Amino acid sequence: MTDLPLPAPQAAPRDHGGGLDAAMARWGGARRDWLDLSTGINPVAYPLPEIAPSAWADLPDIAAQEALTEAARSFWNVPDGAGILAAPGASALIARLPALAAPGAVDIPSPTYNEHAAAFAAHGWHLSDDAPKARVLVHPNNPTGRLWSAHDLNAPLTIIDESFCDICPEQSLVAHAARPGRIVLKSFGKFWGLAGLRLGFAIGEPALIDRLQALTGPWAVSGPALWIGAAALRDAGWAAQTRARLSDDAARLDALLSHAGARTIGGTTLFRLYEVDNAPAWQDRLARHHVWSRIFPYSNSFLRLGLPAPARWQQLEAAL
């Protein structure tokens, strides 16, 4: 059992992937020279459809919002009794979710994505796995790739973060989203490779979704995001082809890292987690070849890599 204070909210950015500006300042090179493998974003983005000029010029209308919601309901097989809310990124939802219940104990199994703990801390919650009022499960987990089950959805407020679950839709827990106190998060940026679009979804008990909607306000999602999101979610063929390519590329990456002396210990087909003898030294060696990786402040042996774009594998091979 743990009963610990959550980390205090910070003004400085928390540890995340990305940060190429700092890497360039230390190791040189222009942005185009760098191969950024520090995130779990699909390097082959969904091809943007033609966007109507009205999507840029007008306030988003109800028809466009409903089109996106219906595409999401179909793509994720959302149960009829669950509500859906589109938002400007899953992070915007994560920041608001703790406001759905009075502060108390929250269980956030670690290691995992650190914005959940920061959001609950900002709302006065404390970390404990002793009869918690809320639980957050990142499914599959970042960075380990751990999968959870329906038996784990056992807190009055249970948040299932499925930001990386589109690579394994058969593992999704969205079928439980209509139950009281359940919310499933979906991130559009990872699987579709359009993180800059800022689009995410909350799927859950209608009463909770209504409260979240009140917290996000009107026109939360831009017109172009509504347009692109609806088109992508209707494109089941692209999704199937992408899952197959990601699986092949993840296996290729594992083979490369194994040959270089790393051991695969987890991850998903969007990012891989390796155990190495000295993670900071590995990051430094890769960075000297302008390959940016992810290491973690709580582990000297965890090295996480995303997938290279098809034309950039040679750069990684040379760095290794």
# chains A, B, ... in the order shown; residues from 1 in each chain; ligands from 1
call {"tool": "residues_around", "arguments": {"residues": "region 182-198 of chain A", "least_positions_apart": "5", "cutoff": "9 Å", "atoms": "only C-alpha atoms", "output": "PyMOL selection string"}}
result
chain A and resi 39-46+87-91+93-94+153+155-167+173-174+176-177+203-205+208-209+221-222+224-225+228-229+232+239+242-243+270
call {"tool": "select_by_dssp", "arguments": {"residues": "region 93-225 of chain A", "states": "helix (DSSP H, G or I)", "output": "ChimeraX atom specification"}}
result
/A:93-100,115-122,150-152,165-167,169-171,174-176,189-192,195-197,206-216,223-225
call {"tool": "write_last_selection", "arguments": {"atoms": "C-alpha atoms", "output": "CSV table (one decimal), in the first residue's frame"}}
result
chain,number,residue,atom,x,y,z
A,93,LEU,CA,-9.3,16.5,-21.0
A,94,ILE,CA,-6.7,15.1,-18.6
A,95,ALA,CA,-6.4,18.6,-17.0
A,96,ARG,CA,-10.1,18.7,-16.3
A,97,LEU,CA,-11.0,15.1,-15.3
A,98,PRO,CA,-10.1,15.5,-11.6
A,99,ALA,CA,-12.8,18.2,-11.2
A,100,LEU,CA,-15.4,15.5,-11.8
A,115,GLU,CA,0.3,14.5,-16.7
A,116,HIS,CA,-2.4,12.5,-14.9
A,117,ALA,CA,-0.6,12.8,-11.5
A,118,ALA,CA,0.0,16.5,-12.1
A,119,ALA,CA,-3.6,17.1,-13.0
A,120,PHE,CA,-4.9,15.4,-9.9
A,121,ALA,CA,-2.4,17.2,-7.7
A,122,ALA,CA,-3.5,20.5,-9.1
A,150,ALA,CA,-12.2,-5.1,-17.0
A,151,HIS,CA,-11.4,-6.5,-13.5
A,152,ASP,CA,-9.1,-3.5,-12.9
A,165,CYS,CA,-4.9,1.7,-28.0
A,166,ASP,CA,-5.7,2.2,-31.7
A,167,ILE,CA,-2.8,-0.1,-32.5
A,169,PRO,CA,-8.3,-2.2,-30.9
A,170,GLU,CA,-9.2,-5.7,-29.8
A,171,GLN,CA,-7.8,-4.8,-26.4
A,174,VAL,CA,-14.5,1.1,-24.5
A,175,ALA,CA,-17.3,-1.5,-24.1
A,176,HIS,CA,-17.4,-0.5,-20.4
A,189,GLY,CA,-2.5,12.6,-32.6
A,190,LYS,CA,-0.6,9.3,-31.9
A,191,PHE,CA,-2.0,6.7,-34.3
A,192,TRP,CA,-2.9,9.1,-37.0
A,195,ALA,CA,-0.4,15.5,-32.9
A,196,GLY,CA,-0.3,19.2,-33.9
A,197,LEU,CA,-4.0,19.0,-34.9
A,206,PRO,CA,-23.3,10.6,-20.1
A,207,ALA,CA,-23.6,12.5,-16.9
A,208,LEU,CA,-19.8,12.8,-16.6
A,209,ILE,CA,-19.4,13.7,-20.3
A,210,ASP,CA,-22.0,16.4,-19.9
A,211,ARG,CA,-20.0,17.9,-17.0
A,212,LEU,CA,-16.8,17.7,-19.0
A,213,GLN,CA,-18.5,19.5,-21.8
A,214,ALA,CA,-19.5,22.3,-19.5
A,215,LEU,CA,-15.9,22.6,-18.4
A,216,THR,CA,-14.5,22.8,-22.0
A,223,GLY,CA,-13.3,23.5,-37.8
A,224,PRO,CA,-10.3,22.0,-39.6
A,225,ALA,CA,-9.8,19.4,-36.8
call {"tool": "atom_distance", "arguments": {"atom1": "CA of Leu127 (chain A)", "atom2": "CA of Gly266 (chain A)"}}
result
25.0 Å
call {"tool": "closest_residue", "arguments": {"among": "A:Trp219, A:Phe75, A:Trp56, A:Phe271", "to": "Arg304 (chain A)", "atoms": "only C-alpha atoms"}}
result
A:Phe271
call {"tool": "atom_distance", "arguments": {"atom1": "CA of Thr69 (chain A)", "atom2": "CA of Ala92 (chain A)"}}
result
17.5 Å
call {"tool": "closest_residue", "arguments": {"among": "A:Arg263, A:Arg294, A:Arg146, A:Arg234", "to": "Trp76 (chain A)", "atoms": "only C-alpha atoms"}}
result
A:Arg234
call {"tool": "atom_distance", "arguments": {"atom1": "CA of Gly237 (chain A)", "atom2": "CA of Leu253 (chain A)"}}
result
24.4 Å
call {"tool": "residues_around", "arguments": {"residues": "Gly18 (chain A)", "least_positions_apart": "6", "cutoff": "9 Å", "atoms": "only C-alpha atoms", "output": "short mmCIF file (atom, residue, chain, number, x, y, z; two decimals) with C-alpha atoms, in the first residue's frame"}}
result
data_model
loop_
_atom_site.label_atom_id
_atom_site.label_comp_id
_atom_site.auth_asym_id
_atom_site.auth_seq_id
_atom_site.Cartn_x
_atom_site.Cartn_y
_atom_site.Cartn_z
CA ASP A 36 13.08 12.54 -33.46
CA LEU A 37 12.30 9.15 -31.93
CA SER A 38 11.48 10.57 -28.50
CA THR A 39 7.70 10.41 -28.97
CA TRP A 292 16.75 11.97 -30.35
CA SER A 293 15.57 9.37 -27.86
CA ARG A 294 13.59 9.32 -24.63
#
call {"tool": "select_by_dssp", "arguments": {"residues": "region 117-320 of chain A", "states": "strand (DSSP E)", "output": "MDAnalysis selection string"}}
result
chainID A and resid 126:128 134:138 157:161 182:187 200:204 263:267 271:275 291:292 294:296 299:306
call {"tool": "closest_residue", "arguments": {"among": "A:Pro53, A:Pro103, A:Gly145, A:Pro111", "to": "Ile265 (chain A)", "atoms": "only C-alpha atoms"}}
result
A:Gly145
call {"tool": "closest_residue", "arguments": {"among": "A:His290, A:Leu147, A:Asp249, A:Ile295", "to": "Asn278 (chain A)", "atoms": "only C-alpha atoms"}}
result
A:Ile295
call {"tool": "residues_around", "arguments": {"residues": "Asp21 (chain A)", "least_positions_apart": "4", "cutoff": "9 Å", "atoms": "only C-alpha atoms", "output": "list in words"}}
result
Ala25, Arg26 and Arg31 of chain A
call {"tool": "write_last_selection", "arguments": {"atoms": "N, CA and C atoms", "output": "CSV table (one decimal), in the first residue's frame"}}
result
chain,number,residue,atom,x,y,z
A,25,ALA,N,20.5,22.7,-29.3
A,25,ALA,CA,21.4,23.6,-28.6
A,25,ALA,C,22.6,22.9,-28.0
A,26,ARG,N,22.5,21.7,-27.6
A,26,ARG,CA,23.6,20.9,-27.0
A,26,ARG,C,24.5,20.2,-28.1
A,31,ARG,N,17.0,21.5,-37.4
A,31,ARG,CA,15.8,20.6,-37.2
A,31,ARG,C,15.7,19.5,-38.2
